[in-house]
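Undergrad: Below are the structure tokens for one structure; questions will follow.
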Amino acid sequence: MKGSNQIREAFLKYFEQNGHRVVPSSSLIPFNDPTLLFTNAGMNQFKDVFLGNETRPYRRAATSQKCMRVSGKHNDFRDVGHSHRHHTFFEMLGNFSFGDYFKKDAIHFAWELLTKEFELDPARLWITVFREDDEAWNIWHSQERIPESRILRLDEKDNFWSMGDVGPCGPCSELHYDFGKSPLPNHGDCDLTCSCGRWVEVWNLVFMQYNRDLSGVLNPLPSPSIDTGMGFERIATVLQNKTSNYDTDLFAPLLDEISVICNTDYGDDPSDDVSMRIIADHARAATFVIGDGQYPGNDKRGYVLRKIMRRAMVHGKRLGIDKPFMYRISGRVVELMEKAYPELVQNRETIARVIKQEEESFAGTLGEGLKDFYDRAQKIKASGSRTVPGEEAFFLYDTRGLPLEIIEDLAQENGLVVDEAGFAKAYEAQRERSRKDYLSGKIREEVAQAVFEGRTTFVGYGITGPIAAVIKAIIVDGERAESIDAGQKGEIVLDATPFYAEAGGQVGDTGFLSSGRNRATVTNTIYRGTAITHLIEMETGSLQVGDKVEALVDLEKRALTMKNHTATHLLQAALQKVLGPHVKQAGSLVSPERLRFDFTHYAPMTRAELTQVEDIVNEQIWRNATVETTVMDLEAAMKSGAVALFGEKYQEQVRVVAVPGFSKELCGGTHVPSTGTIGLFKIVSEGGISAGVRRIEALTGPASLARFRSDESILDAVQGYNKVARGEIPSFIEKLQSQIRDLQREIQELKVKSARANIGSMLEQTRVIAGIKVLAGTLPSADRSSLRNIADELKQKLGSGIIVLGSPQEDKVALVVMVTGDLARKISAGQIIKQIAPIVGGGGGGKPELAEAGGKDPSKLADAIEHSYSVVEGLLHS
């Protein structure tokens, strides 16, 4: 039996010995690719190479690539745990040829590795080829001596691969392993097209030999290429003589850890086993995604990560785990994978903290989700139905984070069933929306590929004036055009440009393109694939494809942007010195006006820490150190200690920006020649934006001086209006706030006294419903504390009954419901408030004898109070 690390190493070593460059896995967070939520295949990082937009110093490569398939057309999310072979996170082993070898070598490499290096029984391996690919069929049969009976021809659906509707494509050949018998009882004999589990596809060889044009015609590529992908978890299962991926050494230690935490052995109960597999898989996914710099949040990637984590947490709850536990599993993941991915060790503490924080945050939300289910279940039963509607089940699944199997279990416990057809319809509707988003991204990219060909050379470092360039392409109204006239907006691509395109947090340059009296304003500069395009507004005359133009960057704005960009480098280094090495960049914005820097940290920064960071940055500015830029090999740059940005895609040659002795980063942005050029650095805000991520906004140069003058003006105004010395302003404001609090307290006490004086008249509003006294009324501008006090006094006066009180508070509403102890078992205060709070645009809850709620619509308060009588009557008769 081979260990998983041995398998991975053997794969990479085999191809290295056969002339391939072993390339590290790219990040799970794709760079500059709108069609991908997460990296989902080994070829993603070589996409521009296959498209001809990028060249590398090698023509053969091999990788073990981190992948996620949780969205778009590649979405295995619901199958995870129920299937023994599907995962959210997985590794893809692959070998690639960029116009070097083709089918004969690709097929030979695959067969030799599996049968000689991995020593698999050739009789258990079956081959599929595209039905029209006689060449591949003949190579398998003649070169590798595979019997005709074990080579199957399949249709385009199974054995033809396309990068998109247009672009590189070609037939593929798959290798399948036969376990010998189906795991299903009494299944009988079958072939590899059967999905019973007897057969598993272990390797897919894609032969990129055509380019599909817009009309659908397949034109032969001048340099055919190879793209292969082998599922690492699947080949580990085969080589370790297992039938389930979860029985391999990639998952078994995780399942052991989960068993210890929940005090239940894996294998004792099929339902519990599903939960354990889900937790093991999702813990791996969370560990790697967070390790690559993506944190749970409400953006697309953050939302998907949060959904994965919360699904695992719900299954933990189902196993009886009531405390945070996933962070412990993530630690085990790091231990298992550190040899292949040493960066996990560096980020171990960060990963654990982010996961634990999300677990603690979700604890309350999970309680709300379960509570929401029980509320819905009660209403469904009250209506006489026994079915949870599909749309409601999907809401609990998608918004509340409850997995479908948990919803079905809860429904069964409450004598209900889930409308699975309705759920599937709602689920597919969402998938269709996601698919349309995915396709729109693909369409945008394919239009860009068709129009913006090749790579634009950037010649904008150190410029002092206009640069001569030639117009290569023009876009007007989304279509290719030969010219653009005054008053029109569009895009222009040059053969070379001094305009920096938006990337790495730095905004795109603005400026002008001109040819004689023909002049266009450049409003932004962005990437379209590997081409740089200028978003323009034509001012005078016209410009045509082929025109020679002067490209003039707005150097004043560029200079301000450079100050802020270099300052972000100084800021990151200063944060690491003050807070610790766990600080990593999680996003940034560098514009002429300001800088914004997002970073990993788990608590608000203190005033002392912020001051210390400011001091360190300004010290570096005032020592006026030279900012050094060097172009070097990526590997050499990383060994030199340069900091790389998570999710960024780097070429083999990279630009290193360094402030000697203080900061060194990989960066393609524009920077000042020396730190003194920045002038001054001032932090203006610091706050949290998501779990484990903080944000600093800061100013430099003229903007920091403007801020200083603005603050001075405010202080002068406060000083003048109040006739107080500047040094005494803080104590003066504190004194005013104290006086305001005292006055507010006196006003509230007067309101309570006034309300108490009217208790007698309020009691006259009491009604009797089904033999129970019910009193509902309003009080003018009373806070919740006062409402509770008055309600308590009314309760004492009633002896037995229900009190509902409400009060308008500027643009809000406060509601309180009290039920005397003798009635609380019959009717709950929480039940009442849940039905009246929505009338005022709010919600709330509480205990059987006391419940409170807030609302946003004081104009509906009278309606809510009057409706409370009907609510009580309805609950008493239900």
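Residue names in the structure tokens use chain letters A, B, ... in the order shown, residue numbers from 1 in each chain, and ligand numbers from 1 in the order shown.
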I'd like the contact shell of Cys667 (chain A) - 9 Å cut-off, only C-alpha atoms, skipping same-chain residues fewer than 5 positions apart - returned as a list in words.

TA: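 The contact residues come out as Gly504, Ala644, Leu645, Val654, Arg655, Val656 and Val657 of chain A.
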
Undergrad: List as a VMD selection string the protein and nucleic acid residues near region 118-128 of chain A, meaning an atom at most 7 Å away when only C-alpha atoms are counted, but skip any in the same chain fewer than 3 places from it.

TA: chain A and resid 113 to 115 150 to 154 173 to 178

Undergrad: Between CA of Gly320 (chain A) and CA of Cys262 (chain A), measure the distance and give it in Å to one decimal.

TA: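 One can read the CA of Gly320 (chain A) to CA of Cys262 (chain A) distance as 6.4 Å.
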
Undergrad: Of the candidates A:Gln585, A:Gln378, A:Ser271, A:Asn758, which shows the shortest atom-to-atom distance to Gln831 (chain A), using only C-alpha atoms?

TA: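 That would be A:Gln378, the residue with the smallest distance to Gln831 (chain A).
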
Undergrad: Using only C-alpha atoms, which protein or nucleic acid residues come within 9 Å of Arg8 (chain A)? Drop anything in the same chain fewer than 3 positions from it, and give the result as an NGL selection string.

TA: :A and (3-5 or 11-13 or 64 or 93 or 232 or 340)

Undergrad: One decimal, Å: what's the distance from CA of Phe102 (chain A) over to CA of Pro171 (chain A), could you say?

TA: 12.2 Å
